[in-house]
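What follows is coords.cif (mmCIF, C-alpha atoms).
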data_entry
loop_
_atom_site.label_atom_id
_atom_site.label_comp_id
_atom_site.auth_asym_id
_atom_site.auth_seq_id
_atom_site.Cartn_x
_atom_site.Cartn_y
_atom_site.Cartn_z
CA MET A 99 49.44 -135.80 -65.74
CA ASN A 100 48.62 -139.32 -66.81
CA MET A 101 45.10 -140.67 -67.33
CA LYS A 102 45.18 -142.85 -64.18
CA ALA A 103 45.73 -139.88 -61.86
CA ILE A 104 43.01 -137.87 -63.61
CA LEU A 105 40.55 -140.77 -63.17
CA VAL A 106 41.29 -141.09 -59.45
CA LEU A 107 40.85 -137.34 -58.93
CA ALA A 108 37.54 -137.34 -60.80
CA LEU A 109 36.18 -140.23 -58.72
CA ALA A 110 37.21 -138.49 -55.48
CA LEU A 111 35.44 -135.30 -56.51
CA ALA A 112 32.32 -137.24 -57.47
CA PHE A 113 32.12 -139.12 -54.15
CA GLY A 114 32.76 -135.90 -52.21
CA GLY A 115 29.93 -134.15 -54.02
CA LEU A 116 27.52 -137.01 -53.34
CA THR A 117 28.41 -137.00 -49.64
CA ALA A 118 27.84 -133.26 -49.35
CA ILE A 119 24.47 -133.53 -51.08
CA SER A 120 23.39 -136.39 -48.76
CA ILE A 121 24.34 -134.48 -45.61
CA LYS A 122 22.51 -131.38 -46.78
CA THR A 123 19.39 -133.42 -47.56
CA VAL A 124 19.36 -134.99 -44.08
CA LEU A 125 19.83 -131.65 -42.34
CA ASN A 126 17.06 -130.04 -44.37
CA ARG A 127 14.76 -132.94 -43.51
CA LYS A 128 15.47 -132.56 -39.77
CA ASN A 129 14.98 -128.81 -39.91
CA SER A 130 11.68 -129.25 -41.66
CA THR A 131 10.62 -131.82 -39.02
CA PHE A 132 11.37 -129.48 -36.10
CA GLY A 133 9.78 -126.61 -37.92
CA ALA A 134 6.63 -128.65 -38.49
CA ALA A 135 6.34 -129.58 -34.78
CA GLU A 136 3.66 -127.43 -33.21
CA PRO A 137 4.48 -125.93 -29.81
CA LYS A 138 2.40 -127.15 -26.89
CA ARG A 139 1.67 -125.60 -23.49
CA VAL A 140 3.46 -127.38 -20.66
CA VAL A 141 3.33 -126.69 -16.92
CA ILE A 142 6.80 -126.60 -15.34
CA ALA A 143 8.21 -125.73 -11.92
CA ALA A 144 9.03 -122.05 -11.53
CA LEU A 145 10.37 -122.52 -7.98
CA PRO A 146 11.76 -125.53 -6.08
CA ILE A 147 9.04 -127.93 -4.94
CA SER A 148 9.91 -130.18 -1.99
CA LEU A 149 8.98 -133.80 -1.50
CA GLY A 150 5.68 -134.17 0.36
CA ALA A 151 4.73 -130.50 -0.10
CA ARG A 152 1.46 -129.25 -1.56
CA VAL A 153 2.00 -127.45 -4.89
CA SER A 154 0.98 -123.79 -5.01
CA VAL A 155 0.22 -121.65 -8.03
CA GLU A 156 3.28 -119.47 -7.33
CA GLN A 157 5.54 -122.48 -7.89
CA LEU A 158 4.27 -123.08 -11.43
CA LYS A 159 4.50 -121.46 -14.84
CA VAL A 160 3.51 -122.38 -18.39
CA VAL A 161 5.94 -122.58 -21.32
CA GLU A 162 5.77 -123.87 -24.89
CA TRP A 163 7.63 -127.02 -25.88
CA PRO A 164 7.79 -128.78 -29.27
CA ASP A 165 5.06 -131.39 -29.39
CA ASN A 166 7.42 -134.17 -30.50
CA LEU A 167 9.78 -133.62 -27.53
CA LEU A 168 7.24 -133.78 -24.72
CA PRO A 169 7.51 -136.56 -22.09
CA GLN A 170 4.40 -138.48 -21.16
CA GLY A 171 2.17 -137.22 -18.39
CA THR A 172 2.57 -133.45 -18.74
CA PHE A 173 -0.07 -130.84 -17.90
CA GLU A 174 -1.35 -127.92 -19.97
CA ASP A 175 -3.46 -126.26 -17.27
CA PRO A 176 -1.81 -125.22 -13.97
CA ALA A 177 -5.18 -125.55 -12.20
CA LYS A 178 -4.88 -129.34 -12.51
CA VAL A 179 -1.59 -129.28 -10.59
CA VAL A 180 -2.37 -126.76 -7.84
CA ASP A 181 -3.00 -128.42 -4.43
CA ARG A 182 -1.55 -131.74 -5.59
CA VAL A 183 1.16 -133.25 -3.37
CA ALA A 184 4.68 -133.74 -4.78
CA ALA A 185 5.93 -137.33 -4.59
CA SER A 186 9.49 -136.18 -5.39
CA ASP A 187 11.56 -133.02 -5.47
CA PHE A 188 11.19 -130.66 -8.46
CA THR A 189 13.85 -128.20 -9.53
CA PRO A 190 13.02 -125.02 -11.50
CA GLY A 191 12.50 -125.78 -15.19
CA GLU A 192 11.37 -129.39 -14.71
CA ALA A 193 8.09 -130.44 -16.28
CA ILE A 194 5.39 -131.48 -13.80
CA LEU A 195 4.55 -135.11 -14.54
CA THR A 196 1.65 -137.19 -13.30
CA SER A 197 4.00 -140.00 -12.24
CA ARG A 198 5.81 -137.65 -9.85
CA LEU A 199 2.70 -136.45 -8.05
CA ALA A 200 0.83 -138.27 -5.30
CA PRO A 201 -2.69 -139.46 -6.14
CA GLU A 202 -5.41 -136.84 -5.95
CA GLY A 203 -6.75 -136.40 -2.44
CA THR A 204 -3.46 -137.37 -0.77
CA THR A 205 -2.74 -135.40 2.38
CA ALA A 206 0.40 -133.31 2.29
CA GLY A 207 3.25 -134.36 4.55
CA LEU A 208 4.64 -137.69 5.65
CA SER A 209 1.91 -139.97 4.26
CA ALA A 210 2.69 -138.83 0.72
CA ILE A 211 6.27 -140.13 0.80
CA ILE A 212 5.70 -143.62 2.26
CA PRO A 213 6.19 -146.22 -0.51
CA ASP A 214 3.61 -148.93 -1.05
CA GLY A 215 4.11 -151.88 1.31
CA PHE A 216 5.98 -149.86 3.93
CA ARG A 217 5.02 -148.13 7.16
CA ALA A 218 6.31 -145.15 9.12
CA ILE A 219 7.12 -145.56 12.81
CA THR A 220 8.40 -142.85 15.14
CA VAL A 221 11.09 -143.42 17.77
CA ARG A 222 11.76 -141.06 20.65
CA VAL A 223 15.42 -139.99 20.69
CA ASP A 224 17.78 -137.80 22.65
CA GLU A 225 21.09 -136.23 21.64
CA VAL A 226 22.97 -139.50 22.14
CA ILE A 227 20.46 -141.82 20.48
CA GLY A 228 20.05 -139.38 17.58
CA VAL A 229 23.81 -139.43 16.89
CA ALA A 230 24.25 -135.89 18.23
CA GLY A 231 21.66 -134.44 15.82
CA PHE A 232 23.20 -135.74 12.59
CA ILE A 233 20.26 -138.04 11.84
CA ALA A 234 18.44 -136.21 9.01
CA PRO A 235 15.76 -137.22 6.49
CA GLY A 236 17.22 -139.34 3.73
CA THR A 237 19.97 -140.90 5.87
CA PHE A 238 20.11 -144.61 6.73
CA VAL A 239 20.58 -146.11 10.18
CA ASP A 240 20.89 -149.43 12.00
CA LEU A 241 18.99 -150.06 15.23
CA ILE A 242 20.41 -151.79 18.32
CA ALA A 243 18.05 -153.03 21.04
CA THR A 244 19.35 -153.36 24.60
CA SER A 245 17.47 -155.37 27.22
CA VAL A 246 18.42 -154.94 30.87
CA SER A 247 17.80 -157.87 33.24
CA LEU A 248 16.96 -156.71 36.77
CA GLY A 249 17.52 -160.09 38.35
CA ASN A 250 20.92 -160.90 36.89
CA GLN A 251 22.90 -158.07 35.35
CA SER A 252 25.15 -160.51 33.48
CA GLU A 253 22.10 -161.62 31.47
CA SER A 254 21.52 -158.14 30.03
CA ASN A 255 22.03 -158.26 26.27
CA SER A 256 22.35 -156.02 23.23
CA ARG A 257 21.75 -156.93 19.60
CA MET A 258 21.32 -155.23 16.23
CA ILE A 259 17.71 -155.90 15.22
CA LEU A 260 17.30 -153.76 12.07
CA GLN A 261 19.78 -152.60 9.44
CA ASN A 262 19.78 -150.10 6.58
CA VAL A 263 16.56 -148.38 7.64
CA LYS A 264 15.69 -145.09 5.90
CA VAL A 265 14.93 -141.99 7.96
CA LEU A 266 11.78 -140.30 6.66
CA ALA A 267 11.62 -137.40 9.08
CA SER A 268 13.51 -135.77 11.92
CA GLY A 269 11.04 -134.24 14.34
CA GLN A 270 8.53 -132.46 12.09
CA THR A 271 10.95 -131.97 9.18
CA ILE A 272 10.67 -134.05 6.02
CA GLU A 273 12.11 -131.67 3.40
CA THR A 274 15.55 -133.12 2.73
CA ARG A 275 16.97 -129.90 1.28
CA GLU A 276 16.46 -127.95 4.49
CA SER A 277 17.50 -130.71 6.89
CA GLY A 278 21.06 -130.69 8.14
CA LYS A 279 22.06 -127.81 5.87
CA ASP A 280 25.81 -127.56 5.38
CA GLY A 281 26.20 -130.76 7.41
CA LYS A 282 25.35 -129.04 10.70
CA PRO A 283 23.48 -131.05 13.35
CA ILE A 284 19.81 -130.35 14.08
CA GLU A 285 18.40 -131.07 17.53
CA VAL A 286 15.33 -133.33 17.28
CA LYS A 287 13.20 -135.22 19.77
CA THR A 288 11.82 -137.91 17.47
CA VAL A 289 12.93 -139.79 14.36
CA THR A 290 10.46 -141.37 11.93
CA LEU A 291 11.68 -144.50 10.13
CA GLN A 292 10.52 -146.33 7.00
CA VAL A 293 9.99 -150.01 7.86
CA SER A 294 8.08 -153.06 6.71
CA PRO A 295 5.12 -154.27 8.82
CA GLU A 296 7.26 -157.07 10.28
CA GLN A 297 10.03 -154.63 11.17
CA ALA A 298 7.49 -152.32 12.80
CA GLU A 299 6.38 -155.15 15.09
CA ALA A 300 9.95 -155.99 16.11
CA LEU A 301 10.81 -152.33 16.72
CA ALA A 302 7.70 -151.72 18.82
CA LEU A 303 8.46 -154.75 21.01
CA ALA A 304 12.14 -153.78 21.42
CA ALA A 305 11.23 -150.21 22.36
CA THR A 306 8.81 -151.48 25.01
CA ALA A 307 11.08 -154.16 26.49
CA GLY A 308 14.33 -152.21 26.46
CA LYS A 309 16.15 -149.29 24.90
CA ILE A 310 16.73 -148.44 21.21
CA GLN A 311 20.01 -146.98 19.95
CA LEU A 312 20.46 -145.56 16.43
CA VAL A 313 23.68 -146.27 14.55
CA MET A 314 24.35 -144.05 11.55
CA ARG A 315 25.77 -145.68 8.41
CA ASN A 316 27.10 -144.62 5.03
CA THR A 317 24.25 -143.96 2.60
CA THR A 318 25.99 -145.97 -0.14
CA ASP A 319 26.66 -148.95 2.14
CA GLN A 320 23.86 -151.48 1.52
CA GLU A 321 25.54 -154.53 3.09
CA ILE A 322 23.63 -156.45 5.76
CA VAL A 323 26.01 -157.77 8.44
CA GLN A 324 25.15 -160.86 10.46
CA THR A 325 25.83 -160.35 14.17
CA SER A 326 25.29 -162.60 17.19
CA GLY A 327 24.82 -159.82 19.74
CA THR A 328 26.57 -159.61 23.08
CA THR A 329 25.84 -159.81 26.81
CA ALA A 330 26.93 -157.82 29.84
CA GLY A 331 28.76 -160.86 31.17
CA ARG A 332 30.87 -161.05 28.05
CA VAL A 333 31.57 -157.32 27.93
CA PHE A 334 32.48 -156.73 31.58
CA ALA A 335 33.82 -160.11 32.72
CA GLY A 336 37.50 -160.99 33.05
CA ALA A 337 39.33 -163.78 31.28
CA GLY A 338 36.79 -166.28 32.58
CA GLY A 339 34.03 -164.49 30.72
CA LEU A 340 35.79 -164.49 27.36
CA PRO A 341 34.55 -166.74 24.57
CA PRO A 342 36.17 -170.18 24.35
CA GLY A 343 39.55 -170.15 22.66
CA THR A 344 40.32 -166.51 23.57
CA SER A 345 43.74 -166.24 25.19
CA THR A 346 44.79 -163.77 27.85
CA THR A 347 47.25 -162.34 25.37
CA ALA A 348 44.40 -161.42 22.99
CA ARG A 349 42.50 -159.65 25.78
CA THR A 350 45.32 -157.62 27.35
CA GLY A 351 47.80 -157.38 24.52
CA ARG A 352 50.56 -158.70 26.83
CA THR A 353 51.92 -162.16 27.45
CA MET A 354 51.42 -163.19 31.04
CA PRO A 355 54.59 -164.58 32.73
CA LYS A 356 54.64 -168.26 33.46
CA PRO A 357 54.60 -169.24 37.15
CA LYS A 358 57.94 -170.29 38.61
CA GLU A 359 58.43 -173.99 39.06
CA ILE A 360 59.19 -175.09 42.64
CA GLU A 361 61.55 -177.98 42.92
CA VAL A 362 60.39 -180.62 45.38
CA ALA A 363 62.91 -183.09 46.74
CA SER A 364 62.13 -186.73 46.02
CA PRO A 365 61.34 -188.76 49.16
CA ALA A 366 64.07 -191.06 50.40
CA PRO A 367 63.56 -194.72 49.58
CA PRO A 368 62.30 -196.78 52.56
CA LYS A 369 64.90 -198.59 54.71
CA ASN A 370 64.75 -202.26 55.80
CA THR A 371 65.45 -202.81 59.49
CA ILE A 372 65.78 -205.97 61.67
CA GLU A 373 65.65 -206.05 65.45
CA MET A 374 68.08 -208.62 67.00
CA ILE A 375 67.82 -209.93 70.58
CA ARG A 376 70.83 -211.47 72.30
CA GLY A 377 69.94 -212.49 75.78
CA THR A 378 68.97 -209.30 77.57
CA GLU A 379 70.40 -207.03 74.82
CA ARG A 380 68.47 -205.69 71.84
CA SER A 381 69.90 -204.09 68.70
CA THR A 382 68.61 -202.87 65.30
CA VAL A 383 70.33 -203.66 62.02
CA THR A 384 69.50 -201.56 58.92
CA PHE A 385 69.89 -202.78 55.33
CA GLN A 386 69.97 -200.34 52.36
#
Can you present the structure in this file as structure tokens?
Amino acid sequence: MNMKAILVLALALAFGGLTAISIKTVLNRKNSTFGAAEPKRVVIAALPISLGARVSVEQLKVVEWPDNLLPQGTFEDPAKVVDRVAASDFTPGEAILTSRLAPEGTTAGLSAIIPDGFRAITVRVDEVIGVAGFIAPGTFVDLIATSVSLGNQSESNSRMILQNVKVLASGQTIETRESGKDGKPIEVKTVTLQVSPEQAEALALAATAGKIQLVMRNTTDQEIVQTSGTTAGRVFAGAGGLPPGTSTTARTGRTMPKPKEIEVASPAPPKNTIEMIRGTERSTVTFQ
């Protein structure tokens, strides 16, 4: 073996040894850091805690976590969490954080889940308006207002007044995990919606002046669609009630036959006549 190959092999062994020593040093330093971290008492969820529910002592337990891995806002004493209202859902094993609890003194139920700047308004529904019972907390709906004119039925109109409105509660149910389980419909008499103050005013007026219809939408669909509404005259009228530029073909899907043309004979050109008198005789001469 020549000297060049021996030198290359020696350098490779030296670099490999340095790398191994560096890795071992880093691992030992990390192990010593974790070992030095003192465990700290942390209150976590022992059972599922639903949004808007008041926390009970049975739903909590205390465990020890490394001090350097704790998130901000944890609790050491379960007594400071009992009777607080959950502002979000907790799954077993999650740490109870101050940011996920409603302020102290908050009443359990619907008021705890209304975001700042919003209001909750309840709409009376039946099976049809409530989309056959599939409207559940956490879903989003559009609202159509229909106004019926008693004097002139053709002036009755319908228009979408609110879009992408969140459903806070169906009847008395606000726990999203128990609502509509397995996608089955739940019969409800009222639906509570999350709206802004301006939207609450519009909805209250529409509910008083006419009828409200809920339209269910995809939860991931956030698009706001601009609509012009429609009237009874436009919906139920014939071709004369269609918007300008709409052909009969577009309405019926068939091309209407053209009327047959009736040939009319041209009138004969007028004739020139002269009456001639010869003594007691009269005669008429016609010129073309």
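Closest approach to Leu208 in chain A from the set A:Ala110, A:Leu145, A:Val265, A:Leu116 is made by A:Val265, with distances taken over only C-alpha atoms.
Considering the residues A:Ala112, A:Val140, A:Ala118, A:Val313 and counting only C-alpha atoms, Trp163 in chain A has its shortest atom-to-atom contact with A:Val140.
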Starting from the PyMOL selection byres ((chain A and resi 307) around 9), expand the selection into actual residues of this file and give them as a list in words. Ala243, Thr244, Ser245, Val246, Ala302, Leu303, Ala304, Ala305, Thr306, Gly308 and Lys309 of chain A
File dump, residues just selected, C-alpha atoms, as a PDB file, in the coordinates of the input:
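Writing done, so here's part.pdb:
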ATOM      1  CA  ALA A 243      18.050-153.030  21.040  1.00  0.00           C
ATOM      2  CA  THR A 244      19.350-153.360  24.600  1.00  0.00           C
ATOM      3  CA  SER A 245      17.470-155.370  27.220  1.00  0.00           C
ATOM      4  CA  VAL A 246      18.420-154.940  30.870  1.00  0.00           C
ATOM      5  CA  ALA A 302       7.700-151.720  18.820  1.00  0.00           C
ATOM      6  CA  LEU A 303       8.460-154.750  21.010  1.00  0.00           C
ATOM      7  CA  ALA A 304      12.140-153.780  21.420  1.00  0.00           C
ATOM      8  CA  ALA A 305      11.230-150.210  22.360  1.00  0.00           C
ATOM      9  CA  THR A 306       8.810-151.480  25.010  1.00  0.00           C
ATOM     10  CA  GLY A 308      14.330-152.210  26.460  1.00  0.00           C
ATOM     11  CA  LYS A 309      16.150-149.290  24.900  1.00  0.00           C
TER      12      LYS A 309
END
I need every residue sitting at most 6 Å from the point (6.5, -151.1, 5.6) (coordinates as in the file, all atoms listed in the file considered), written as a ChimeraX atom specification. /A:215-217,293-295
I'd like to see the residues matched by the PyMOL selection byres ((chain A and resi 219) around 12) on this file, and ideally I'd get them as an mmCIF file with C-alpha atoms, in the coordinates of the input.
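To be explicit, this is the file written out as result-v8.cif:
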data_model
loop_
_atom_site.group_PDB
_atom_site.id
_atom_site.type_symbol
_atom_site.label_atom_id
_atom_site.label_comp_id
_atom_site.auth_asym_id
_atom_site.auth_seq_id
_atom_site.Cartn_x
_atom_site.Cartn_y
_atom_site.Cartn_z
ATOM 1 C CA LEU A 208 4.640 -137.690 5.650
ATOM 2 C CA SER A 209 1.910 -139.970 4.260
ATOM 3 C CA ILE A 212 5.700 -143.620 2.260
ATOM 4 C CA PHE A 216 5.980 -149.860 3.930
ATOM 5 C CA ARG A 217 5.020 -148.130 7.160
ATOM 6 C CA ALA A 218 6.310 -145.150 9.120
ATOM 7 C CA THR A 220 8.400 -142.850 15.140
ATOM 8 C CA VAL A 221 11.090 -143.420 17.770
ATOM 9 C CA ARG A 222 11.760 -141.060 20.650
ATOM 10 C CA VAL A 263 16.560 -148.380 7.640
ATOM 11 C CA LYS A 264 15.690 -145.090 5.900
ATOM 12 C CA VAL A 265 14.930 -141.990 7.960
ATOM 13 C CA LEU A 266 11.780 -140.300 6.660
ATOM 14 C CA ALA A 267 11.620 -137.400 9.080
ATOM 15 C CA SER A 268 13.510 -135.770 11.920
ATOM 16 C CA THR A 288 11.820 -137.910 17.470
ATOM 17 C CA VAL A 289 12.930 -139.790 14.360
ATOM 18 C CA THR A 290 10.460 -141.370 11.930
ATOM 19 C CA LEU A 291 11.680 -144.500 10.130
ATOM 20 C CA GLN A 292 10.520 -146.330 7.000
ATOM 21 C CA VAL A 293 9.990 -150.010 7.860
ATOM 22 C CA SER A 294 8.080 -153.060 6.710
ATOM 23 C CA PRO A 295 5.120 -154.270 8.820
ATOM 24 C CA GLU A 296 7.260 -157.070 10.280
ATOM 25 C CA GLN A 297 10.030 -154.630 11.170
ATOM 26 C CA ALA A 298 7.490 -152.320 12.800
ATOM 27 C CA GLU A 299 6.380 -155.150 15.090
ATOM 28 C CA ALA A 300 9.950 -155.990 16.110
ATOM 29 C CA LEU A 301 10.810 -152.330 16.720
ATOM 30 C CA ALA A 302 7.700 -151.720 18.820
ATOM 31 C CA ALA A 305 11.230 -150.210 22.360
#
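Proximity to Ile142 in chain A at 6 Å, evaluated using all atoms listed in the file and with sequence-adjacent residues fewer than 4 positions away removed, yields Leu158, Lys159, Gly191, Glu192, Ala193 and Ile194 of chain A.
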Quick one, how far is CA of Val223 in chain A from CA of Ile242 in chain A? 13.0 Å
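The coordinates place CA of Gly236 in chain A at 23.9 Å from CA of Gln324 in chain A.
If all atoms listed in the file are the atoms counted, then among A:Asn262, A:Thr172, A:Thr189, A:Ser120 the closest residue to Ile322 in chain A is A:Asn262.
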Selection dump of the PyMOL selection byres ((chain A and resi 198) around 6), as JSON, numbers by chain: {"A": [185, 186, 195, 196, 197, 199]}
Point (2.4, -121.5, -20.0) neighbourhood (8 Å, only C-alpha atoms) written as an NGL selection string: :A and (139-141 or 159-162 or 174)
Of the listed residues A:Ala177, A:Ile121, A:Ala206, A:Leu109, that which approaches Ala151 in chain A most closely, counting all atoms listed in the file: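 Under the stated criterion, the closest residue is A:Ala206.
A straight line drawn from CA of Lys287 in chain A to CA of Pro235 in chain A is 13.7 Å long.
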Neighbour list for Asp187 in chain A as a ChimeraX atom specification, cut-off 8 Å, only C-alpha atoms, skip fewer than 5 positions in-chain: /A:146-149
So, with only C-alpha atoms as the atoms that count, which of A:Lys138, A:Leu241, A:Val183, A:Thr318 lies closest to Pro169 in chain A?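 The answer is A:Lys138, which sits nearest to Pro169 in chain A.
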Counting only C-alpha atoms, which of A:Thr204, A:Ser256, A:Thr237, A:Ser381 gets nearest to Ile310 in chain A?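 Closest to Ile310 in chain A of all the choices is A:Ser256.
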